>>> print(open('final37.cif').read())   # mmCIF, C-alpha atoms
data_my_file
#
loop_
_atom_site.label_atom_id
_atom_site.label_comp_id
_atom_site.auth_asym_id
_atom_site.auth_seq_id
_atom_site.Cartn_x
_atom_site.Cartn_y
_atom_site.Cartn_z
CA MET A 16 -53.08 -22.82 -30.19
CA LYS A 17 -52.42 -19.48 -31.84
CA THR A 18 -52.04 -17.83 -28.44
CA SER A 19 -49.55 -20.36 -27.15
CA PHE A 20 -47.60 -20.12 -30.41
CA THR A 21 -47.50 -16.32 -30.02
CA VAL A 22 -46.33 -16.61 -26.43
CA GLY A 23 -43.78 -19.24 -27.41
CA LEU A 24 -42.42 -17.12 -30.23
CA PHE A 25 -42.40 -14.12 -27.96
CA LEU A 26 -40.44 -15.95 -25.24
CA LEU A 27 -37.93 -17.09 -27.85
CA THR A 28 -37.51 -13.53 -29.05
CA ALA A 29 -37.31 -12.27 -25.49
CA SER A 30 -34.61 -14.75 -24.55
CA THR A 31 -32.63 -13.76 -27.66
CA ILE A 32 -32.82 -10.09 -26.76
CA VAL A 33 -31.93 -10.70 -23.12
CA ALA A 34 -29.02 -12.87 -24.18
CA ALA A 35 -27.70 -9.89 -26.12
CA ASP A 36 -26.95 -8.31 -22.73
CA ALA A 37 -23.39 -9.35 -22.17
CA GLN A 38 -21.80 -9.90 -18.81
CA TRP A 39 -18.06 -9.59 -18.45
CA VAL A 40 -16.26 -11.36 -15.65
CA LEU A 41 -12.72 -10.65 -14.50
CA ASP A 42 -10.70 -13.88 -14.60
CA ARG A 43 -7.36 -12.69 -13.28
CA SER A 44 -5.58 -9.46 -12.61
CA THR A 45 -2.26 -7.89 -11.77
CA LEU A 46 -2.29 -4.40 -10.30
CA THR A 47 1.05 -2.80 -9.52
CA TYR A 48 1.59 0.56 -7.84
CA HIS A 49 4.94 2.25 -8.13
CA VAL A 50 6.34 4.52 -5.44
CA SER A 51 9.44 6.67 -5.95
CA HIS A 52 11.67 7.91 -3.18
CA ILE A 53 15.01 9.62 -3.49
CA LEU A 54 16.70 6.56 -1.94
CA HIS A 55 14.81 3.79 -3.67
CA GLU A 56 11.87 2.75 -5.80
CA SER A 57 9.31 0.21 -4.67
CA GLU A 58 6.33 -1.60 -6.10
CA GLY A 59 3.32 -3.25 -4.56
CA VAL A 60 1.46 -5.96 -6.42
CA SER A 61 -2.02 -7.37 -6.00
CA HIS A 62 -3.71 -10.23 -7.82
CA SER A 63 -6.90 -9.96 -5.76
CA ALA A 64 -9.01 -7.64 -7.90
CA ARG A 65 -12.53 -8.67 -8.76
CA GLY A 66 -14.54 -7.19 -11.55
CA LYS A 67 -17.74 -7.38 -13.46
CA GLY A 68 -19.15 -5.66 -16.52
CA THR A 69 -22.69 -5.52 -17.77
CA CYS A 70 -23.66 -4.42 -21.25
CA HIS A 71 -27.15 -3.27 -22.01
CA ASN A 72 -28.49 -1.45 -25.05
CA GLY A 73 -24.98 -1.13 -26.44
CA GLN A 74 -23.62 0.49 -23.29
CA CYS A 75 -21.33 -1.25 -20.82
CA ASP A 76 -20.71 -0.55 -17.16
CA PHE A 77 -17.68 -2.01 -15.48
CA LEU A 78 -16.72 -2.20 -11.85
CA ILE A 79 -13.35 -3.42 -10.62
CA ALA A 80 -12.42 -3.47 -6.94
CA VAL A 81 -9.38 -4.58 -5.01
CA PRO A 82 -8.68 -4.74 -1.26
CA VAL A 83 -6.01 -2.24 -0.22
CA LYS A 84 -4.51 -4.86 2.09
CA SER A 85 -3.91 -7.25 -0.79
CA PHE A 86 -1.01 -5.21 -2.18
CA ASP A 87 2.32 -6.82 -1.41
CA SER A 88 5.54 -4.83 -1.72
CA GLY A 89 7.74 -7.56 -0.24
CA ASP A 90 8.19 -5.61 2.99
CA SER A 91 5.60 -6.01 5.76
CA ASN A 92 6.48 -2.69 7.39
CA ARG A 93 6.02 -0.79 4.11
CA ASP A 94 2.72 -2.55 3.46
CA LEU A 95 1.35 -1.66 6.89
CA HIS A 96 2.48 1.93 6.44
CA MET A 97 0.82 2.02 3.02
CA ILE A 98 -2.46 0.79 4.55
CA GLN A 99 -2.19 3.46 7.24
CA VAL A 100 -1.54 6.43 4.95
CA THR A 101 -4.21 5.38 2.48
CA ARG A 102 -6.69 4.78 5.34
CA GLY A 103 -7.00 1.23 4.06
CA SER A 104 -8.53 -0.15 7.26
CA GLU A 105 -11.28 2.44 7.27
CA PHE A 106 -11.82 2.25 3.49
CA PRO A 107 -10.69 -1.29 2.62
CA LEU A 108 -11.41 -1.28 -1.10
CA VAL A 109 -10.17 0.62 -4.10
CA SER A 110 -12.91 0.61 -6.69
CA VAL A 111 -12.92 1.75 -10.28
CA ARG A 112 -16.03 2.32 -12.34
CA THR A 113 -16.19 3.01 -16.01
CA HIS A 114 -18.83 3.28 -18.68
CA LEU A 115 -18.20 2.76 -22.36
CA PRO A 116 -20.07 1.96 -25.55
CA GLU A 117 -20.13 -1.77 -26.22
CA ALA A 118 -18.82 -1.17 -29.74
CA MET A 119 -15.62 0.20 -28.22
CA SER A 120 -14.90 -3.10 -26.51
CA GLY A 121 -13.59 -4.43 -29.83
CA ALA A 122 -11.01 -1.68 -30.38
CA SER A 123 -7.31 -2.33 -29.79
CA THR A 124 -6.94 0.90 -27.83
CA ILE A 125 -9.70 1.98 -25.52
CA LEU A 126 -9.98 5.47 -24.05
CA VAL A 127 -12.13 5.51 -20.96
CA ASP A 128 -13.11 7.83 -18.15
CA LEU A 129 -12.56 6.27 -14.74
CA ASP A 130 -14.18 6.98 -11.41
CA VAL A 131 -11.71 5.84 -8.80
CA GLU A 132 -12.80 5.56 -5.18
CA PHE A 133 -9.88 5.24 -2.82
CA GLY A 134 -9.21 6.27 0.76
CA GLY A 135 -12.68 7.75 1.11
CA GLN A 136 -12.20 10.03 -1.89
CA LYS A 137 -13.70 9.77 -5.36
CA VAL A 138 -11.65 11.03 -8.29
CA HIS A 139 -12.55 11.17 -11.97
CA TYR A 140 -9.77 10.43 -14.46
CA LYS A 141 -10.46 11.35 -18.06
CA GLN A 142 -9.52 9.51 -21.21
CA ILE A 143 -7.17 6.89 -19.81
CA ALA A 144 -5.76 4.69 -22.55
CA PHE A 145 -5.85 0.91 -22.28
CA GLU A 146 -4.58 -1.67 -24.74
CA ARG A 147 -6.89 -4.53 -25.59
CA VAL A 148 -5.64 -7.89 -26.81
CA ALA A 149 -7.94 -10.80 -27.61
CA GLN A 150 -6.59 -14.12 -26.26
CA GLY A 151 -8.94 -16.85 -27.43
CA THR A 152 -12.11 -16.54 -25.39
CA GLN A 153 -10.46 -14.02 -23.10
CA THR A 154 -9.65 -10.36 -23.47
CA LYS A 155 -6.60 -8.81 -21.89
CA ILE A 156 -6.76 -5.14 -20.95
CA SER A 157 -3.60 -3.34 -19.89
CA GLY A 158 -2.71 0.24 -19.12
CA THR A 159 -1.59 2.65 -16.44
CA VAL A 160 -3.77 4.84 -14.28
CA PRO A 161 -1.84 8.01 -13.33
CA LEU A 162 -2.82 8.08 -9.67
CA ALA A 163 -1.49 10.93 -7.56
CA LEU A 164 -1.50 10.91 -3.76
CA SER A 165 -2.77 14.49 -3.60
CA ASP A 166 -5.85 13.52 -5.66
CA PHE A 167 -6.95 11.38 -2.72
CA ARG A 168 -5.74 13.77 -0.01
CA ILE A 169 -3.06 11.33 1.07
CA ASP A 170 -0.04 12.85 2.75
CA PRO A 171 3.04 11.44 1.01
CA PRO A 172 4.82 9.10 3.44
CA LYS A 173 8.33 10.08 4.44
CA LEU A 174 11.47 8.07 4.85
CA LEU A 175 14.36 9.76 6.67
CA THR A 176 12.30 12.98 6.55
CA VAL A 177 12.11 12.92 2.72
CA ALA A 178 8.65 12.41 1.21
CA VAL A 179 7.91 10.01 -1.63
CA LYS A 180 6.88 11.42 -5.01
CA ASN A 181 3.26 12.47 -5.36
CA GLU A 182 2.81 10.39 -8.51
CA VAL A 183 1.98 6.74 -7.82
CA PRO A 184 1.16 5.21 -11.22
CA LEU A 185 -0.95 2.09 -11.07
CA LYS A 186 -0.17 -0.46 -13.76
CA VAL A 187 -3.20 -2.54 -14.62
CA GLU A 188 -3.45 -5.91 -16.32
CA LEU A 189 -6.89 -7.47 -16.45
CA VAL A 190 -8.04 -10.63 -18.18
CA TRP A 191 -11.77 -10.81 -18.84
CA HIS A 192 -14.18 -13.20 -20.45
CA VAL A 193 -17.75 -12.76 -21.62
CA GLN A 194 -20.26 -14.88 -19.77
CA MET B 26 -30.19 -11.24 -5.47
CA ASN B 27 -27.58 -8.92 -6.89
CA ARG B 28 -28.49 -5.84 -8.81
CA GLY B 29 -27.13 -7.09 -12.12
CA MET B 30 -29.31 -10.17 -11.93
CA ALA B 31 -32.26 -8.05 -10.86
CA ARG B 32 -31.99 -6.00 -14.02
CA ARG B 33 -31.68 -9.06 -16.16
CA SER B 34 -34.78 -10.63 -14.66
CA ILE B 35 -36.76 -7.53 -15.60
CA GLY B 36 -36.08 -8.24 -19.30
CA PRO B 37 -38.66 -11.01 -19.88
CA THR B 38 -41.24 -9.21 -17.72
CA VAL B 39 -40.86 -6.10 -19.81
CA LEU B 40 -41.20 -8.07 -23.01
CA LEU B 41 -44.25 -9.89 -21.73
CA LEU B 42 -45.91 -6.55 -21.20
CA ILE B 43 -44.98 -5.56 -24.74
CA ALA B 44 -46.42 -8.83 -25.93
CA GLY B 45 -49.79 -7.77 -24.62
CA PHE B 46 -49.82 -5.05 -27.26
CA THR B 47 -48.24 -7.12 -29.99
CA THR B 48 -50.03 -9.31 -32.44
CA PHE B 49 -48.59 -12.39 -34.09
CA GLY B 50 -46.44 -11.57 -37.09
CA GLN B 51 -45.47 -8.08 -36.01
CA THR B 52 -41.87 -7.21 -35.37
CA LEU B 53 -40.67 -5.78 -32.09
CA ALA B 54 -39.17 -2.65 -33.55
CA VAL B 55 -38.72 -0.70 -30.40
CA GLU B 56 -36.17 -1.14 -27.67
CA PRO B 57 -37.97 -2.89 -24.83
CA ALA B 58 -36.68 -0.83 -21.93
CA GLN B 59 -37.51 2.46 -23.64
CA THR B 60 -40.99 1.32 -24.68
CA VAL B 61 -42.17 0.17 -21.33
CA SER B 62 -40.54 2.33 -18.75
CA GLY B 63 -40.14 5.45 -20.84
CA ASN B 64 -36.93 5.79 -18.94
CA THR B 65 -33.87 6.10 -21.11
CA ALA B 66 -31.48 6.33 -18.18
CA LYS B 67 -28.60 3.91 -18.49
CA PRO B 68 -28.37 1.02 -16.04
CA GLU B 69 -26.31 1.73 -12.96
CA GLY B 70 -23.91 -1.13 -13.58
CA PRO B 71 -22.58 -3.73 -11.19
CA SER B 72 -22.34 -3.04 -7.49
CA LEU B 73 -19.68 -4.09 -4.97
CA ASP B 74 -22.07 -6.76 -3.71
CA ASP B 75 -21.91 -8.37 -7.16
CA LEU B 76 -18.18 -8.97 -6.84
CA GLY B 77 -18.40 -11.54 -4.07
CA PHE B 78 -15.99 -10.06 -1.57
CA ALA B 79 -16.21 -11.41 1.98
CA LYS B 80 -17.95 -9.04 4.42
CA ASP B 81 -14.78 -8.42 6.42
CA GLN B 82 -12.98 -7.40 3.23
CA ILE B 83 -15.51 -4.66 2.52
CA LYS B 84 -16.28 -3.45 6.02
CA GLY B 85 -14.15 -0.61 7.36
CA ASP B 86 -12.54 -0.93 10.75
CA LYS B 87 -11.99 2.42 12.45
CA ALA B 88 -10.39 0.82 15.51
CA GLU B 89 -7.76 -0.88 13.36
CA GLN B 90 -7.18 2.37 11.46
CA ALA B 91 -6.62 4.12 14.80
CA ARG B 92 -4.14 1.39 15.78
CA LEU B 93 -2.30 1.84 12.49
CA ASP B 94 -2.25 5.63 12.95
CA LYS B 95 -0.75 5.22 16.41
CA ARG B 96 1.76 2.68 15.12
CA THR B 97 2.86 4.99 12.30
CA HIS B 98 3.13 7.96 14.66
CA MET B 99 5.32 5.98 17.05
CA LEU B 100 7.50 4.58 14.27
CA GLN B 101 7.95 8.07 12.82
CA MET B 102 9.17 9.19 16.24
CA HIS B 103 11.44 6.12 16.27
CA GLN B 104 12.82 7.17 12.89
CA ARG B 105 13.37 10.81 13.86
CA LEU B 106 14.96 10.02 17.20
CA GLY B 107 17.07 7.35 15.52
CA LEU B 108 18.53 9.95 13.19
CA ILE B 109 19.04 12.44 16.03
CA THR B 110 20.85 9.73 18.02
CA LEU B 111 23.37 9.47 15.20
CA ALA B 112 24.76 12.91 16.14
CA PRO B 113 25.90 12.11 19.73
CA LEU B 114 26.89 8.61 18.58
CA ILE B 115 29.30 9.99 15.96
CA ALA B 116 30.49 12.68 18.38
CA THR B 117 31.23 9.98 20.98
CA LEU B 118 33.30 8.07 18.43
CA VAL B 119 35.13 11.23 17.36
CA THR B 120 36.00 12.08 20.96
CA SER B 121 37.13 8.54 21.78
CA GLY B 122 40.72 9.57 21.10
CA MET B 123 40.43 12.23 23.82
CA ALA B 124 39.22 9.66 26.33
CA VAL B 125 42.71 8.45 27.02
CA GLY B 126 42.99 11.63 29.08
CA GLU B 127 46.27 12.89 27.70
CA HIS B 128 46.76 16.37 26.38
CA HIS B 129 49.74 17.17 24.25
CA SER B 130 50.67 20.83 24.14
CA ALA B 131 52.19 21.84 20.83
CA THR B 132 53.75 24.95 22.33
CA THR B 133 55.41 23.36 25.33
CA GLY B 134 55.75 19.87 23.90
CA VAL B 135 54.57 18.47 27.22
CA THR B 136 51.96 15.68 27.48
CA THR B 137 49.75 15.97 30.57
CA LEU B 138 46.98 13.78 31.96
CA THR B 139 43.55 15.48 31.94
CA PRO B 140 40.08 14.09 32.68
CA PHE B 141 38.37 16.59 30.34
CA GLY B 142 38.51 14.38 27.25
CA ARG B 143 37.32 11.38 29.24
CA ASN B 144 34.45 13.33 30.73
CA LEU B 145 33.42 14.73 27.37
CA HIS B 146 33.52 11.28 25.80
CA ALA B 147 31.56 9.79 28.72
CA GLY B 148 28.99 12.60 28.62
CA LEU B 149 28.38 12.12 24.92
CA GLY B 150 28.17 8.37 25.48
CA ILE B 151 25.50 8.87 28.15
CA ALA B 152 23.55 11.20 25.85
CA THR B 153 23.75 8.56 23.10
CA VAL B 154 22.46 5.81 25.37
CA GLY B 155 19.63 8.06 26.61
CA LEU B 156 18.49 9.00 23.12
CA TYR B 157 18.96 5.43 21.93
CA SER B 158 16.71 4.15 24.73
CA ALA B 159 14.00 6.61 23.79
CA THR B 160 14.36 5.61 20.11
CA ALA B 161 14.09 1.93 20.91
CA SER B 162 11.10 2.38 23.21
CA PHE B 163 9.03 3.94 20.41
CA ALA B 164 9.62 0.84 18.28
CA ILE B 165 9.13 -1.64 21.13
CA PHE B 166 5.87 -0.10 22.35
CA ALA B 167 4.36 0.65 18.92
CA PRO B 168 1.11 -1.34 18.50
CA LYS B 169 1.59 -4.70 16.83
CA ILE B 170 -0.77 -5.62 14.01
CA GLN B 171 -1.97 -9.20 14.34
CA GLY B 172 -1.54 -11.57 11.43
CA THR B 173 1.28 -9.64 9.80
CA PRO B 174 4.44 -11.72 9.58
CA THR B 175 7.64 -9.70 9.33
CA ARG B 176 8.99 -9.82 5.79
CA GLY B 177 11.52 -7.89 3.73
CA ASN B 178 14.28 -5.49 4.77
CA ILE B 179 12.48 -4.71 8.02
CA ARG B 180 13.45 -8.21 9.14
CA LEU B 181 17.15 -7.36 8.78
CA HIS B 182 16.50 -4.05 10.56
CA LYS B 183 14.97 -5.93 13.50
CA THR B 184 17.72 -8.57 13.57
CA LEU B 185 20.39 -5.88 13.67
CA ALA B 186 18.52 -4.26 16.58
CA TRP B 187 19.51 -7.28 18.71
CA VAL B 188 23.16 -6.58 17.88
CA HIS B 189 23.21 -2.82 18.51
CA GLY B 190 20.78 -3.20 21.40
CA THR B 191 23.16 -5.57 23.17
CA GLY B 192 26.04 -3.28 22.21
CA MET B 193 24.28 -0.25 23.68
CA ILE B 194 24.11 -2.05 27.03
CA LEU B 195 27.63 -3.50 26.99
CA THR B 196 29.50 -0.47 25.63
CA PRO B 197 28.65 1.94 28.46
CA ILE B 198 29.31 -0.74 31.09
CA LEU B 199 32.74 -1.45 29.61
CA GLY B 200 33.23 2.31 29.19
CA ALA B 201 32.46 2.91 32.86
CA MET B 202 35.00 0.24 33.83
CA ALA B 203 37.61 1.78 31.56
CA TYR B 204 36.81 5.24 32.96
CA GLN B 205 37.30 3.98 36.49
CA GLN B 206 40.60 2.26 35.66
CA LYS B 207 41.86 5.42 33.93
CA GLY B 208 40.76 7.50 36.91
CA LEU B 209 42.91 5.31 39.13
CA GLY B 210 45.83 5.98 36.86
CA GLN B 211 45.79 2.46 35.53
CA LYS B 212 46.09 1.30 31.99
CA VAL B 213 42.73 0.01 30.75
CA HIS B 214 42.85 -3.73 31.15
CA GLY B 215 40.72 -6.87 31.29
CA ILE B 216 37.28 -6.92 29.76
CA ALA B 217 37.20 -3.08 29.83
CA SER B 218 39.71 -3.10 27.00
CA MET B 219 36.89 -4.48 24.82
CA HIS B 220 35.06 -1.14 25.10
CA PRO B 221 36.21 0.16 21.68
CA VAL B 222 35.36 -3.15 20.00
CA ALA B 223 31.87 -3.09 21.49
CA ALA B 224 31.44 0.55 20.52
CA TRP B 225 32.45 0.04 16.90
CA THR B 226 30.35 -3.13 16.55
CA THR B 227 27.36 -1.24 17.94
CA THR B 228 27.90 1.69 15.59
CA LEU B 229 28.29 -0.52 12.52
CA ALA B 230 25.16 -2.51 13.38
CA TYR B 231 23.27 0.73 14.02
CA GLY B 232 24.35 2.18 10.66
CA ALA B 233 23.47 -1.06 8.88
CA ALA B 234 20.03 -1.07 10.52
CA ILE B 235 19.35 2.42 9.17
CA ALA B 236 20.63 1.40 5.74
CA ALA B 237 18.41 -1.69 5.76
CA VAL B 238 15.24 0.38 5.73
CA SER B 239 16.64 3.19 3.59
CA PHE B 240 17.94 1.32 0.58
CA LYS B 241 16.57 -1.53 -1.43
CA PHE B 242 18.95 -4.42 -1.86
#
>>> encode(input="final37.cif", output="structure tokens")
Amino acid sequence: MKTSFTVGLFLLTASTIVAADAQWVLDRSTLTYHVSHILHESEGVSHSARGKGTCHNGQCDFLIAVPVKSFDSGDSNRDLHMIQVTRGSEFPLVSVRTHLPEAMSGASTILVDLDVEFGGQKVHYKQIAFERVAQGTQTKISGTVPLALSDFRIDPPKLLTVAVKNEVPLKVELVWHVQ
Amino acid sequence: MNRGMARRSIGPTVLLLIAGFTTFGQTLAVEPAQTVSGNTAKPEGPSLDDLGFAKDQIKGDKAEQARLDKRTHMLQMHQRLGLITLAPLIATLVTSGMAVGEHHSATTGVTTLTPFGRNLHAGLGIATVGLYSATASFAIFAPKIQGTPTRGNIRLHKTLAWVHGTGMILTPILGAMAYQQKGLGQKVHGIASMHPVAAWTTTLAYGAAIAAVSFKF
């Protein structure tokens, strides 16, 4: 009797502790890259990102990934060219990993280090600021990742022999919920 | 089983092991993972497999990348040659006034018939058509990517290609007829008189096609 009570109490405690490990799931996303050329500006948008976060012992690990082909600039020729220069067929996903203390997930501004894997290259971005807004049971994270083509060894595409700007900021809007 | 779930399932196992050393009434004061494994390394976090992408979305395709590389290379050639073609095209238009074959001498005040202007205009026209054909062939023979419907300004660019493409065939034919009539000392007449109209329509469509992919509107 005493043994089963001990085991029962233990299992209750165990389940409570395990439940403290939070899992974050990405509900919806809008990722927008911005390309500047002397003749015009263009943007490509994707809503196809998927993401997950796991928190354990007060530390959270997040992974967000998006298919390169899912970005839509409104022009099929530009999109195909984008996939070609970013080697999107060979490396179909852009993935971002980050690690942060769980306590930070409640702050209105979050500074995180990002490991971005794109076009077969892995680049570390330090202290990128994101705004956090609680929306009921969901949490909206927004910010801009200052991607540069040279970071990923991508030759800037040219139009009429003039190359686009090296800076291709990626605007990020992610809506998460805790599972 | 994904890695995140694998880690989670370890939790109760770990705690069961702790329970073996715990008596009723005592508090679990230590962090389970540290106690059992002695490993304080942080968990790796979710993996790409956890995100539920379809296999074909994750798997790289080198053959398709090679096709895209070839396509881009050919379209870059198309772009470069297209710009180069502008030079003889403009020169042909500029020399169109000389094609009438008359030369007015300012010193003598005499107007004489000369084939030089006509020949120059025709030569530039032939160069334009040659370069234009090469330009077009790079676009026509560039690999097509399946499942990619044409959208955006490129659609206008392609539509205008039908206009200047037709013009690039008609204009030299009409030009040759006009050249022949002039050579016979005749005034350009009949359908040959449409040569300038065809030429200007072709040029305007060609310019618009370049603008369509250069500017956002």
>>> interface_residues(input="final37.cif", of="chain A", to="chain B", cutoff="7 Å", atoms="only C-alpha atoms", output="list in words")
Thr21, Phe25, Ala29, Val33, Leu54, His55, Arg65, Gly66, Lys67, Gly68, Thr69, Asp76, Phe77, Leu78, Pro82, Gly89, Asp90, Ser91, Asn92, His96, Gln99, Arg102, Ser104, Glu105, Phe106, Pro107, Leu108 and Leu175 of chain A
>>> atom_distance(input="final37.cif", atom1="atom CA of Thr153 of chain B", atom2="atom CA of Gly210 of chain B")
26.1 Å
>>> resolve_selection(input="final37.cif", expression="the PyMOL selection byres ((chain A and resi 127-132) around 6)", output="PyMOL selection string")
chain A and resi 109-113+126+133+136-143
>>> atom_distance(input="final37.cif", atom1="atom CA of Val177 of chain A", atom2="atom CA of Gly190 of chain B")
26.2 Å
>>> atom_distance(input="final37.cif", atom1="atom CA of Glu146 of chain A", atom2="atom CA of Ser165 of chain A")
26.7 Å
>>> residues_around(input="final37.cif", residues="Met119 of chain A", least_positions_apart="3", cutoff="12 Å", atoms="only C-alpha atoms", output="list in words")
Cys70, Gly73, Gln74, Cys75, His114, Leu115, Pro116, Ala122, Ser123, Thr124, Ile125, Leu126, Val127, Phe145, Glu146 and Arg147 of chain A
>>> resolve_selection(input="final37.cif", expression="the PyMOL selection byres ((chain A and resi 159) around 6)", output="number ranges by chain")
A: 158, 160, 185-187
>>> residues_around(input="final37.cif", residues="Glu188 of chain A", least_positions_apart="5", cutoff="6 Å", atoms="all atoms listed in the file", output="compact mmCIF listing (two decimals) with C-alpha atoms, in the coordinates of the input")
# COMPACT_ATOMS: atom_id res chain seq x y z
CA SER A 44 -5.58 -9.46 -12.61
CA THR A 45 -2.26 -7.89 -11.77
CA ILE A 156 -6.76 -5.14 -20.95
CA SER A 157 -3.60 -3.34 -19.89
>>> residues_around(input="final37.cif", residues="Thr101 of chain A", least_positions_apart="5", cutoff="9 Å", atoms="all atoms listed in the file", output="PDB file with C-alpha atoms, keeping the file's coordinate frame")
ATOM      1  CA  VAL A  83      -6.010  -2.240  -0.220  1.00  0.00           C
ATOM      2  CA  HIS A  96       2.480   1.930   6.440  1.00  0.00           C
ATOM      3  CA  PHE A 106     -11.820   2.250   3.490  1.00  0.00           C
ATOM      4  CA  PHE A 133      -9.880   5.240  -2.820  1.00  0.00           C
ATOM      5  CA  GLY A 134      -9.210   6.270   0.760  1.00  0.00           C
ATOM      6  CA  GLY A 135     -12.680   7.750   1.110  1.00  0.00           C
ATOM      7  CA  LEU A 164      -1.500  10.910  -3.760  1.00  0.00           C
ATOM      8  CA  PHE A 167      -6.950  11.380  -2.720  1.00  0.00           C
ATOM      9  CA  ARG A 168      -5.740  13.770  -0.010  1.00  0.00           C
ATOM     10  CA  ILE A 169      -3.060  11.330   1.070  1.00  0.00           C
ATOM     11  CA  ASP A 170      -0.040  12.850   2.750  1.00  0.00           C
TER      12      ASP A 170
END
>>> residues_near_point(input="final37.cif", point="(-3.4, -12.9, -8.8)", cutoff="8 Å", atoms="all atoms listed in the file", output="PyMOL selection string")
chain A and resi 43-45+61-64
>>> residues_around(input="final37.cif", residues="segment 157-164 of chain B", least_positions_apart="3", cutoff="7 Å", atoms="only C-alpha atoms", output="list in words")
Met99, Leu100, Met102, His103, Leu106, Gly107, Thr110, Thr153, Val154 and Ala167 of chain B
>>> write_last_selection(input="final37.cif", atoms="C-alpha atoms", output="compact mmCIF listing (two decimals), in the frame of the given file")
# COMPACT_ATOMS: atom_id res chain seq x y z
CA MET B 99 5.32 5.98 17.05
CA LEU B 100 7.50 4.58 14.27
CA MET B 102 9.17 9.19 16.24
CA HIS B 103 11.44 6.12 16.27
CA LEU B 106 14.96 10.02 17.20
CA GLY B 107 17.07 7.35 15.52
CA THR B 110 20.85 9.73 18.02
CA THR B 153 23.75 8.56 23.10
CA VAL B 154 22.46 5.81 25.37
CA ALA B 167 4.36 0.65 18.92
>>> residues_around(input="final37.cif", residues="Val60 of chain A", least_positions_apart="5", cutoff="9 Å", atoms="all atoms listed in the file", output="ChimeraX atom specification")
/A:45-48,85-89
>>> build_atoms(input="final37.cif", residues="segment 91-102 of chain B", atoms="N, CA and C atoms", output="PDB file, in the frame of the given file")
ATOM      1  N   ALA B  91      -7.180   3.351  13.690  1.00  0.00           N
ATOM      2  CA  ALA B  91      -6.620   4.120  14.800  1.00  0.00           C
ATOM      3  C   ALA B  91      -5.331   3.466  15.310  1.00  0.00           C
ATOM      4  N   ARG B  92      -5.338   2.124  15.336  1.00  0.00           N
ATOM      5  CA  ARG B  92      -4.140   1.390  15.780  1.00  0.00           C
ATOM      6  C   ARG B  92      -2.988   1.627  14.790  1.00  0.00           C
ATOM      7  N   LEU B  93      -3.322   1.599  13.513  1.00  0.00           N
ATOM      8  CA  LEU B  93      -2.300   1.840  12.490  1.00  0.00           C
ATOM      9  C   LEU B  93      -1.766   3.272  12.571  1.00  0.00           C
ATOM     10  N   ASP B  94      -2.677   4.220  12.829  1.00  0.00           N
ATOM     11  CA  ASP B  94      -2.250   5.630  12.950  1.00  0.00           C
ATOM     12  C   ASP B  94      -1.274   5.788  14.120  1.00  0.00           C
ATOM     13  N   LYS B  95      -1.613   5.138  15.230  1.00  0.00           N
ATOM     14  CA  LYS B  95      -0.750   5.220  16.410  1.00  0.00           C
ATOM     15  C   LYS B  95       0.609   4.564  16.121  1.00  0.00           C
ATOM     16  N   ARG B  96       0.533   3.416  15.465  1.00  0.00           N
ATOM     17  CA  ARG B  96       1.760   2.680  15.120  1.00  0.00           C
ATOM     18  C   ARG B  96       2.668   3.554  14.249  1.00  0.00           C
ATOM     19  N   THR B  97       2.074   4.152  13.207  1.00  0.00           N
ATOM     20  CA  THR B  97       2.860   4.990  12.300  1.00  0.00           C
ATOM     21  C   THR B  97       3.460   6.177  13.039  1.00  0.00           C
ATOM     22  N   HIS B  98       2.635   6.812  13.900  1.00  0.00           N
ATOM     23  CA  HIS B  98       3.130   7.960  14.660  1.00  0.00           C
ATOM     24  C   HIS B  98       4.348   7.560  15.507  1.00  0.00           C
ATOM     25  N   MET B  99       4.225   6.425  16.186  1.00  0.00           N
ATOM     26  CA  MET B  99       5.320   5.980  17.050  1.00  0.00           C
ATOM     27  C   MET B  99       6.557   5.589  16.242  1.00  0.00           C
ATOM     28  N   LEU B 100       6.341   4.970  15.089  1.00  0.00           N
ATOM     29  CA  LEU B 100       7.500   4.580  14.270  1.00  0.00           C
ATOM     30  C   LEU B 100       8.152   5.792  13.597  1.00  0.00           C
ATOM     31  N   GLN B 101       7.352   6.835  13.349  1.00  0.00           N
ATOM     32  CA  GLN B 101       7.950   8.070  12.820  1.00  0.00           C
ATOM     33  C   GLN B 101       8.828   8.722  13.885  1.00  0.00           C
ATOM     34  N   MET B 102       8.359   8.673  15.123  1.00  0.00           N
ATOM     35  CA  MET B 102       9.170   9.190  16.240  1.00  0.00           C
ATOM     36  C   MET B 102      10.443   8.355  16.360  1.00  0.00           C
TER      37      MET B 102
END
